[in-house]
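Asker: You'll find upload_37.cif just under this line, and it carries mmCIF, C-alpha atoms.
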data_upload
loop_
_atom_site.label_atom_id
_atom_site.label_comp_id
_atom_site.auth_asym_id
_atom_site.auth_seq_id
_atom_site.Cartn_x
_atom_site.Cartn_y
_atom_site.Cartn_z
CA MET A 12 -1.95 35.76 4.52
CA GLU A 13 -3.27 32.39 3.31
CA TYR A 14 -2.62 31.67 -0.35
CA LEU A 15 -5.64 30.46 -2.29
CA PRO A 16 -5.11 28.45 -5.49
CA LYS A 17 -5.72 30.00 -8.90
CA ILE A 18 -7.66 27.65 -11.16
CA ILE A 19 -8.10 27.74 -14.93
CA LEU A 20 -11.18 26.63 -16.85
CA THR A 21 -10.54 25.98 -20.55
CA LYS A 22 -14.01 27.41 -21.18
CA GLY A 23 -16.17 28.93 -18.48
CA ASN A 24 -18.72 31.07 -20.27
CA GLY A 25 -21.32 31.10 -23.03
CA ALA A 26 -24.04 29.05 -21.33
CA GLN A 27 -25.48 28.80 -17.83
CA LYS A 28 -24.03 25.32 -17.37
CA TYR A 29 -20.48 26.69 -17.51
CA THR A 30 -21.07 28.72 -14.35
CA LEU A 31 -21.52 25.47 -12.43
CA TYR A 32 -17.78 24.65 -12.51
CA GLU A 33 -16.80 27.62 -10.36
CA LYS A 34 -19.76 27.05 -8.03
CA TRP A 35 -18.70 23.41 -7.63
CA LEU A 36 -15.09 24.32 -6.84
CA LYS A 37 -16.14 26.89 -4.26
CA ALA A 38 -18.47 24.38 -2.63
CA ALA A 39 -15.48 22.06 -2.23
CA GLY A 40 -13.01 24.51 -0.71
CA SER A 41 -11.28 27.86 -0.89
CA VAL A 42 -10.35 29.18 -4.32
CA GLY A 43 -8.41 32.34 -5.04
CA CYS A 44 -9.75 33.01 -8.51
CA VAL A 45 -11.08 31.11 -11.49
CA LEU A 46 -9.80 32.10 -14.92
CA ASP A 47 -11.37 31.41 -18.31
CA LEU A 48 -8.89 30.61 -21.10
CA TRP A 49 -11.58 31.16 -23.73
CA THR A 50 -11.57 34.92 -23.06
CA MET A 51 -7.78 35.32 -23.47
CA SER A 52 -5.28 35.92 -26.24
CA SER A 53 -2.63 33.29 -26.97
CA GLU A 54 -0.03 35.18 -24.92
CA GLU A 55 -2.45 35.62 -22.02
CA ARG A 56 -3.27 31.91 -22.07
CA SER A 57 0.39 30.94 -21.87
CA HIS A 58 0.95 33.35 -18.98
CA ALA A 59 -2.13 32.08 -17.14
CA ILE A 60 -0.95 28.48 -17.38
CA ALA A 61 2.54 29.42 -16.21
CA THR A 62 1.21 31.28 -13.16
CA SER A 63 -1.81 29.19 -12.10
CA ASP A 64 -2.14 26.11 -9.92
CA GLY A 65 -4.53 23.78 -11.75
CA ILE A 66 -6.52 23.48 -14.96
CA ILE A 67 -9.92 21.96 -15.69
CA PHE A 68 -10.78 20.91 -19.23
CA THR A 69 -14.52 21.49 -19.27
CA GLY A 70 -17.31 19.82 -21.23
CA GLY A 71 -18.43 21.05 -24.63
CA PRO A 72 -18.67 20.20 -28.34
CA ASP A 73 -17.08 17.31 -30.19
CA ILE A 74 -13.40 17.14 -31.05
CA ASN A 75 -12.84 17.31 -34.80
CA PRO A 76 -12.46 13.68 -35.97
CA GLU A 77 -9.64 14.71 -38.30
CA LYS A 78 -7.53 14.89 -35.13
CA TYR A 79 -7.72 11.09 -34.93
CA ASN A 80 -7.80 10.24 -38.65
CA GLN A 81 -11.57 10.03 -39.16
CA ALA A 82 -12.20 13.30 -40.98
CA GLU A 83 -14.79 11.60 -43.22
CA ARG A 84 -17.18 11.46 -40.24
CA SER A 85 -16.94 15.12 -39.27
CA GLY A 86 -20.51 15.65 -40.48
CA GLU A 87 -21.73 13.62 -37.49
CA CYS A 88 -20.15 16.05 -35.03
CA ILE A 89 -20.62 19.54 -33.64
CA ILE A 90 -17.13 21.01 -33.94
CA SER A 91 -15.17 24.04 -32.76
CA ASP A 92 -11.73 24.01 -34.37
CA GLU A 93 -10.78 27.11 -32.38
CA ARG A 94 -11.56 25.38 -29.10
CA ASP A 95 -9.70 22.25 -30.18
CA ALA A 96 -6.60 24.31 -30.95
CA ILE A 97 -6.74 26.15 -27.61
CA GLU A 98 -7.22 23.00 -25.57
CA PHE A 99 -4.60 20.84 -27.27
CA GLU A 100 -2.06 23.61 -26.77
CA ALA A 101 -3.16 24.10 -23.15
CA PHE A 102 -2.84 20.38 -22.46
CA GLU A 103 0.74 20.31 -23.74
CA GLN A 104 1.69 23.37 -21.70
CA ALA A 105 0.02 22.15 -18.50
CA ARG A 106 1.59 18.70 -18.87
CA ASP A 107 5.04 20.27 -19.35
CA PHE A 108 4.57 22.30 -16.17
CA LYS A 109 3.35 19.16 -14.33
CA MET A 110 0.31 21.18 -13.30
CA PRO A 111 -2.71 19.34 -11.83
CA ILE A 112 -5.06 18.53 -14.71
CA LEU A 113 -8.71 17.51 -14.45
CA GLY A 114 -10.80 16.61 -17.49
CA ILE A 115 -14.59 16.49 -17.48
CA CYS A 116 -16.53 14.79 -20.31
CA ARG A 117 -14.93 16.39 -23.40
CA GLY A 118 -11.84 16.90 -21.22
CA LEU A 119 -11.23 13.16 -20.92
CA GLN A 120 -11.58 12.88 -24.68
CA ILE A 121 -9.09 15.73 -25.23
CA PHE A 122 -6.53 13.86 -23.14
CA ASN A 123 -6.99 10.68 -25.13
CA VAL A 124 -6.72 12.33 -28.54
CA ALA A 125 -3.78 14.52 -27.45
CA LEU A 126 -2.05 11.31 -26.42
CA GLU A 127 -2.57 9.83 -29.91
CA ALA A 128 -5.55 7.56 -29.38
CA GLN A 129 -9.08 7.19 -30.73
CA LEU A 130 -12.65 8.16 -29.90
CA ILE A 131 -16.00 6.54 -30.57
CA ILE A 132 -17.63 9.00 -32.99
CA ASP A 133 -21.23 8.23 -32.01
CA ILE A 134 -22.13 5.69 -29.34
CA PRO A 135 -25.64 4.83 -30.63
CA ARG A 136 -24.29 4.13 -34.13
CA ASP A 137 -20.99 2.51 -33.29
CA ILE A 138 -21.63 0.17 -30.37
CA LEU A 139 -24.45 -1.98 -29.08
CA SER A 140 -25.57 -0.63 -25.73
CA ASP A 141 -28.69 -0.57 -23.62
CA ILE A 142 -27.39 2.46 -21.68
CA GLU A 143 -28.39 5.99 -22.66
CA HIS A 144 -25.29 8.18 -22.45
CA ARG A 145 -26.76 11.26 -24.15
CA SER A 146 -28.77 14.02 -22.54
CA ILE A 147 -32.51 13.82 -23.25
CA GLU A 148 -34.30 17.11 -23.99
CA GLY A 149 -31.48 18.98 -22.26
CA ASN A 150 -31.49 16.78 -19.14
CA ASP A 151 -28.65 14.50 -18.09
CA SER A 152 -29.14 10.76 -18.24
CA PHE A 153 -27.96 8.55 -15.36
CA HIS A 154 -26.26 5.16 -15.22
CA THR A 155 -23.98 3.21 -12.92
CA ILE A 156 -20.21 2.85 -13.17
CA GLU A 157 -17.71 0.40 -11.78
CA VAL A 158 -14.44 1.79 -10.44
CA ALA A 159 -11.11 0.02 -10.96
CA PRO A 160 -9.53 -1.25 -7.72
CA GLY A 161 -6.43 0.71 -6.78
CA SER A 162 -7.31 3.58 -9.12
CA LEU A 163 -7.14 7.28 -8.25
CA ILE A 164 -10.89 7.64 -8.54
CA LYS A 165 -11.33 4.77 -6.06
CA LYS A 166 -9.02 6.48 -3.58
CA ILE A 167 -10.63 9.88 -4.08
CA CYS A 168 -14.30 8.85 -4.07
CA ARG A 169 -13.96 5.81 -1.78
CA SER A 170 -16.61 3.93 -3.69
CA ALA A 171 -16.35 0.89 -5.94
CA SER A 172 -19.51 1.69 -7.89
CA GLY A 173 -22.30 4.20 -8.10
CA LEU A 174 -24.64 6.36 -10.12
CA VAL A 175 -23.29 9.16 -12.34
CA ASN A 176 -24.86 11.61 -14.77
CA SER A 177 -24.22 11.43 -18.49
CA ALA A 178 -24.55 13.84 -21.44
CA HIS A 179 -22.32 12.67 -24.30
CA HIS A 180 -22.59 10.79 -27.58
CA GLN A 181 -18.84 10.29 -27.98
CA ALA A 182 -16.38 8.45 -25.76
CA VAL A 183 -12.90 6.97 -25.63
CA ALA A 184 -12.60 4.09 -28.10
CA ILE A 185 -9.00 2.98 -27.73
CA LEU A 186 -7.37 4.26 -24.55
CA SER A 187 -3.94 5.82 -25.00
CA GLU A 188 -1.06 3.67 -23.81
CA GLN A 189 -0.15 6.57 -21.55
CA LEU A 190 -3.48 6.30 -19.73
CA SER A 191 -4.94 3.63 -17.50
CA LEU A 192 -8.58 2.62 -17.15
CA ALA A 193 -10.02 3.87 -13.85
CA GLY A 194 -13.75 3.32 -14.33
CA SER A 195 -16.30 2.06 -16.84
CA SER A 196 -20.00 1.51 -17.40
CA SER A 197 -21.49 -1.97 -17.91
CA ASP A 198 -21.49 -1.57 -21.71
CA GLY A 199 -17.72 -1.07 -21.70
CA ILE A 200 -17.64 2.71 -22.14
CA ILE A 201 -14.59 4.19 -20.43
CA GLU A 202 -15.78 6.54 -17.69
CA ALA A 203 -12.51 7.50 -15.98
CA ALA A 204 -8.80 7.43 -16.78
CA GLU A 205 -5.49 8.48 -15.24
CA TRP A 206 -1.79 8.23 -16.03
CA SER A 207 -0.70 4.62 -16.55
CA ASP A 208 2.71 5.63 -15.18
CA PRO A 209 2.40 8.74 -13.00
CA GLY A 210 6.12 8.83 -12.16
CA GLY A 211 7.59 12.26 -12.87
CA LYS A 212 4.22 13.65 -13.96
CA GLY A 213 1.66 15.95 -12.41
CA PHE A 214 -1.79 14.89 -11.23
CA LEU A 215 -4.15 13.95 -14.05
CA LEU A 216 -7.68 12.57 -13.90
CA GLY A 217 -10.36 12.46 -16.56
CA VAL A 218 -14.00 11.54 -15.95
CA GLN A 219 -16.74 11.14 -18.55
CA TRP A 220 -19.56 12.32 -16.28
CA HIS A 221 -20.23 15.85 -15.00
CA PRO A 222 -19.41 16.01 -11.27
CA GLU A 223 -20.06 19.77 -11.23
CA ARG A 224 -23.77 19.19 -11.87
CA LEU A 225 -24.13 15.90 -10.03
CA ASP A 226 -25.76 16.04 -6.60
CA TYR A 227 -23.04 17.24 -4.21
CA SER A 228 -23.86 14.41 -1.79
CA SER A 229 -22.66 11.89 -4.39
CA PRO A 230 -19.22 10.36 -3.76
CA PHE A 231 -18.52 11.11 -7.44
CA SER A 232 -19.01 14.87 -7.14
CA LEU A 233 -17.44 17.06 -4.42
CA PRO A 234 -14.67 14.60 -3.45
CA ILE A 235 -13.20 15.08 -6.94
CA ALA A 236 -13.19 18.86 -6.57
CA ARG A 237 -11.72 18.64 -3.06
CA HIS A 238 -8.88 16.41 -4.18
CA PHE A 239 -8.19 18.56 -7.22
CA LEU A 240 -7.92 21.65 -5.00
CA PHE A 241 -5.59 19.74 -2.67
CA GLU A 242 -3.37 18.93 -5.66
CA ALA A 243 -3.52 22.58 -6.76
CA GLU A 244 -2.47 23.79 -3.32
CA SER A 245 0.45 21.34 -3.29
CA TYR A 246 1.49 22.44 -6.77
CA ALA A 247 1.30 26.10 -5.72
CA LEU A 248 3.78 25.48 -2.91
CA LEU A 249 6.22 23.80 -5.29
CA ARG A 250 5.79 26.55 -7.88
CA LYS A 251 6.51 29.28 -5.31
CA ARG A 252 9.61 27.41 -4.13
CA ARG A 253 10.91 27.19 -7.70
CA ILE A 254 10.38 30.93 -8.14
CA LYS A 255 12.38 31.64 -4.95
CA VAL A 256 15.22 29.38 -6.06
CA LYS A 257 15.42 31.15 -9.45
CA ALA A 258 15.46 34.52 -7.69
#
Show me this structure written as structure tokens.
Answerer:
Amino acid sequence: MEYLPKIILTKGNGAQKYTLYEKWLKAAGSVGCVLDLWTMSSEERSHAIATSDGIIFTGGPDINPEKYNQAERSGECIISDERDAIEFEAFEQARDFKMPILGICRGLQIFNVALEAQLIIDIPRDILSDIEHRSIEGNDSFHTIEVAPGSLIKKICRSASGLVNSAHHQAVAILSEQLSLAGSSSDGIIEAAEWSDPGGKGFLLGVQWHPERLDYSSPFSLPIARHFLFEAESYALLRKRRIKVKA
């Protein structure tokens, strides 16, 4: 019987938009089941990460600025300390397992802060830009990005530039030394990042846009999900082999 990968969402409920992640994955390929860490206890979360094949850090509220030494600006943010705690712990566990990791919007920011780097607290206040990155009246904005030659996102999406959707007021400020720039908008906002040295690590990709609600015909939508599922399937084979060796 064909094995289908088990995928984790760090949060997959609470608003209609969260249902789009599972729909997007299933449009890209075969998925065994999609789990939601937000609904689990601490022990259940650890077990899910140990027994699953890939994890997606989904979009959502701002990361508490105290995590990157700017607690005095927390009043400018919508914060969930509980979600921060769950996702920072999940990132460490998934990284230790070398599990495929995909970050979307907030997810990219989680990676950067977990790897001891900084965020832009509020794009309109902190940088000069003629690009609207925030959603307007609940609708995504759109802008173009340029993709770094030789990057993962270039290989996956096979496009050097294109239009993406945008719904964020924060972004990566200083990229962690452990990450490498993979894409950016014309105002210098980092739009994609990956491991700077992937040797001995699992797959990791973070994008600032929302591929799960971008038109599926876009090179920056379904190709990302397809590649992530490919990485999850490869990881599942390795995980099953390790279990057999231990037995």
Asker: Smallest atom-to-atom distance to Gly213 (chain A): which of A:Gln27, A:Asn123, A:Thr155, A:Ser245, using all atoms listed in the file?
Answerer: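 Nearest candidate to Gly213 (chain A) out of A:Gln27, A:Asn123, A:Thr155, A:Ser245: A:Ser245.
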Asker: Expand the PyMOL selection byres ((chain A and resi 233) around 12) into the individual residues it matches in the shown file, reporting them as number ranges by chain.
Answerer: A: 32, 34-40, 167-168, 221-232, 234-240
Asker: Taking C-alpha atoms for each residue, export the selection above as a PDB file, in the frame of the given file.
Answerer:
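Produced file part.pdb, reproduced below:
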ATOM      1  CA  TYR A  32     -17.780  24.650 -12.510  1.00  0.00           C
ATOM      2  CA  LYS A  34     -19.760  27.050  -8.030  1.00  0.00           C
ATOM      3  CA  TRP A  35     -18.700  23.410  -7.630  1.00  0.00           C
ATOM      4  CA  LEU A  36     -15.090  24.320  -6.840  1.00  0.00           C
ATOM      5  CA  LYS A  37     -16.140  26.890  -4.260  1.00  0.00           C
ATOM      6  CA  ALA A  38     -18.470  24.380  -2.630  1.00  0.00           C
ATOM      7  CA  ALA A  39     -15.480  22.060  -2.230  1.00  0.00           C
ATOM      8  CA  GLY A  40     -13.010  24.510  -0.710  1.00  0.00           C
ATOM      9  CA  ILE A 167     -10.630   9.880  -4.080  1.00  0.00           C
ATOM     10  CA  CYS A 168     -14.300   8.850  -4.070  1.00  0.00           C
ATOM     11  CA  HIS A 221     -20.230  15.850 -15.000  1.00  0.00           C
ATOM     12  CA  PRO A 222     -19.410  16.010 -11.270  1.00  0.00           C
ATOM     13  CA  GLU A 223     -20.060  19.770 -11.230  1.00  0.00           C
ATOM     14  CA  ARG A 224     -23.770  19.190 -11.870  1.00  0.00           C
ATOM     15  CA  LEU A 225     -24.130  15.900 -10.030  1.00  0.00           C
ATOM     16  CA  ASP A 226     -25.760  16.040  -6.600  1.00  0.00           C
ATOM     17  CA  TYR A 227     -23.040  17.240  -4.210  1.00  0.00           C
ATOM     18  CA  SER A 228     -23.860  14.410  -1.790  1.00  0.00           C
ATOM     19  CA  SER A 229     -22.660  11.890  -4.390  1.00  0.00           C
ATOM     20  CA  PRO A 230     -19.220  10.360  -3.760  1.00  0.00           C
ATOM     21  CA  PHE A 231     -18.520  11.110  -7.440  1.00  0.00           C
ATOM     22  CA  SER A 232     -19.010  14.870  -7.140  1.00  0.00           C
ATOM     23  CA  PRO A 234     -14.670  14.600  -3.450  1.00  0.00           C
ATOM     24  CA  ILE A 235     -13.200  15.080  -6.940  1.00  0.00           C
ATOM     25  CA  ALA A 236     -13.190  18.860  -6.570  1.00  0.00           C
ATOM     26  CA  ARG A 237     -11.720  18.640  -3.060  1.00  0.00           C
ATOM     27  CA  HIS A 238      -8.880  16.410  -4.180  1.00  0.00           C
ATOM     28  CA  PHE A 239      -8.190  18.560  -7.220  1.00  0.00           C
ATOM     29  CA  LEU A 240      -7.920  21.650  -5.000  1.00  0.00           C
TER      30      LEU A 240
END
Asker: Just say which residues the PyMOL selection byres ((chain A and resi 108) around 9) picks in this file, as a list in words.
Answerer: Ile60, Ala61, Glu103, Gln104, Ala105, Arg106, Asp107, Lys109, Met110, Pro111, Lys212 and Gly213 of chain A
Asker: Please indicate the distance in Å from CA of Trp206 (chain A) to CA of Glu33 (chain A), rounded to one decimal place.
Answerer: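 Interatomic distance, CA of Trp206 (chain A) to CA of Glu33 (chain A): 25.2 Å.
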Asker: Excluding region 86-90 of chain A and any residue of its chain fewer than 3 positions from it, enumerate the residues within 6 Å of it, using all atoms listed in the file, and give them as a PDB file with C-alpha atoms, in the coordinates of the input.
Answerer:
ATOM      1  CA  PRO A  72     -18.670  20.200 -28.340  1.00  0.00           C
ATOM      2  CA  ASP A  73     -17.080  17.310 -30.190  1.00  0.00           C
ATOM      3  CA  ASN A  75     -12.840  17.310 -34.800  1.00  0.00           C
TER       4      ASN A  75
END
Asker: What do you get, as a list of chain:residue names, if you spell out every residue that the PyMOL selection byres ((chain A and resi 97) around 9) selects here?
Answerer: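 After applying the PyMOL selection byres ((chain A and resi 97) around 9), what remains is A:Thr21, A:Leu48, A:Trp49, A:Ser53, A:Arg56, A:Asp92, A:Glu93, A:Arg94, A:Asp95, A:Ala96, A:Glu98, A:Phe99, A:Glu100, A:Ala101, A:Phe102.
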Asker: For the residues in the current selection, export C-alpha atoms as a CSV table (one decimal), keeping the file's coordinate frame.
Answerer:
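The resulting again.csv:
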chain,number,residue,atom,x,y,z
A,21,THR,CA,-10.5,26.0,-20.6
A,48,LEU,CA,-8.9,30.6,-21.1
A,49,TRP,CA,-11.6,31.2,-23.7
A,53,SER,CA,-2.6,33.3,-27.0
A,56,ARG,CA,-3.3,31.9,-22.1
A,92,ASP,CA,-11.7,24.0,-34.4
A,93,GLU,CA,-10.8,27.1,-32.4
A,94,ARG,CA,-11.6,25.4,-29.1
A,95,ASP,CA,-9.7,22.2,-30.2
A,96,ALA,CA,-6.6,24.3,-31.0
A,98,GLU,CA,-7.2,23.0,-25.6
A,99,PHE,CA,-4.6,20.8,-27.3
A,100,GLU,CA,-2.1,23.6,-26.8
A,101,ALA,CA,-3.2,24.1,-23.2
A,102,PHE,CA,-2.8,20.4,-22.5
Asker: Which residue, A:Phe122, A:Tyr14, A:Tyr246, A:Tyr29, has the smallest gap to Val183 (chain A) when you use all atoms listed in the file?
Answerer: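 Checking each of A:Phe122, A:Tyr14, A:Tyr246, A:Tyr29 against Val183 (chain A), counting all atoms listed in the file, the winner is A:Phe122.
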Asker: Between A:Val42, A:Leu186, A:Val175, A:Val218, which has the minimum distance to Leu126 (chain A) (counting only C-alpha atoms)?
Answerer: A:Leu186
Asker: In Å, rounded to a single decimal, give me how far CA of Thr69 (chain A) is from CA of Ile142 (chain A).
Answerer: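 Going from CA of Ile142 (chain A) over to CA of Thr69 (chain A) covers 23.1 Å.
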Asker: With all atoms listed in the file as the basis for distance, which of A:Ala243, A:Ala203, A:Ala26, A:Ala128 is at the shortest distance from Ile67 (chain A)?
Answerer: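 Closest candidate: A:Ala243.
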Asker: Select, from A:Glu244, A:Arg136, A:Ala82, A:Lys251, the residue with the minimum atom-to-atom distance to Phe214 (chain A), counting all atoms listed in the file.
Answerer: A:Glu244
Asker: Quick one: of A:Pro16, A:Gly149, A:Gly25, A:Pro76, who's nearest to Thr62 (chain A), counting all atoms listed in the file?
Answerer: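 Closest to Thr62 (chain A), using all atoms listed in the file: A:Pro16.
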Asker: I'd like the interatomic distance between CA of Lys22 (chain A) and CA of Asp47 (chain A), to a tenth of an Å.
Answerer: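 Here the two named atoms are 5.6 Å from each other.
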Asker: Name the residues, using the chain letters and numbers of the file, that sit within 10 Å of (-17.0, 6.3, -33.0) when counting only C-alpha atoms, and give them as a ChimeraX atom specification.
Answerer: /A:76,81,84,87,129-138,180-184
Asker: Which residues are close to Gln219 (chain A), i.e. within 10 Å by only C-alpha atoms, leaving aside same-chain residues fewer than 6 positions away? Reply as a list of chain:residue names.
Answerer: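 Final neighbour list, sorted by chain and number: A:Gly70, A:Gly114, A:Ile115, A:Cys116, A:Arg117, A:Gly118, A:Leu119, A:Gln120, A:His144, A:Val175, A:Asn176, A:Ser177, A:Ala178, A:His179, A:Gln181, A:Ala182, A:Val183, A:Gly194, A:Ser195, A:Ile200, A:Ile201, A:Glu202, A:Ala203, A:Ala204.
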Asker: Please return region 100-116 of chain A, rebuilt to N, CA and C atoms, as a compact mmCIF listing (two decimals), in the coordinates of the input.
Answerer:
# COMPACT_ATOMS: atom_id res chain seq x y z
N GLU A 100 -3.23 22.84 -27.18
CA GLU A 100 -2.06 23.61 -26.77
C GLU A 100 -1.98 23.72 -25.25
N ALA A 101 -3.12 23.98 -24.61
CA ALA A 101 -3.16 24.10 -23.15
C ALA A 101 -2.76 22.80 -22.48
N PHE A 102 -3.20 21.68 -23.05
CA PHE A 102 -2.84 20.38 -22.46
C PHE A 102 -1.33 20.17 -22.50
N GLU A 103 -0.71 20.47 -23.63
CA GLU A 103 0.74 20.31 -23.74
C GLU A 103 1.47 21.20 -22.74
N GLN A 104 1.04 22.44 -22.62
CA GLN A 104 1.69 23.37 -21.70
C GLN A 104 1.51 22.93 -20.25
N ALA A 105 0.28 22.57 -19.88
CA ALA A 105 0.02 22.15 -18.50
C ALA A 105 0.78 20.87 -18.16
N ARG A 106 0.84 19.95 -19.11
CA ARG A 106 1.59 18.70 -18.87
C ARG A 106 3.08 19.00 -18.68
N ASP A 107 3.62 19.91 -19.48
CA ASP A 107 5.04 20.27 -19.35
C ASP A 107 5.34 20.89 -18.00
N PHE A 108 4.40 21.68 -17.48
CA PHE A 108 4.57 22.30 -16.17
C PHE A 108 4.29 21.32 -15.01
N LYS A 109 3.76 20.14 -15.35
CA LYS A 109 3.35 19.16 -14.33
C LYS A 109 2.27 19.74 -13.42
N MET A 110 1.42 20.56 -14.01
CA MET A 110 0.31 21.18 -13.30
C MET A 110 -0.81 20.17 -13.10
N PRO A 111 -1.55 20.21 -12.00
CA PRO A 111 -2.71 19.34 -11.83
C PRO A 111 -3.73 19.56 -12.95
N ILE A 112 -4.16 18.47 -13.56
CA ILE A 112 -5.06 18.53 -14.71
C ILE A 112 -6.28 17.66 -14.43
N LEU A 113 -7.45 18.24 -14.59
CA LEU A 113 -8.71 17.51 -14.45
C LEU A 113 -9.51 17.67 -15.74
N GLY A 114 -9.99 16.57 -16.28
CA GLY A 114 -10.80 16.61 -17.49
C GLY A 114 -12.21 16.12 -17.21
N ILE A 115 -13.19 16.85 -17.68
CA ILE A 115 -14.59 16.49 -17.48
C ILE A 115 -15.26 16.31 -18.84
N CYS A 116 -15.81 15.14 -19.08
CA CYS A 116 -16.53 14.79 -20.31
C CYS A 116 -15.63 15.01 -21.53
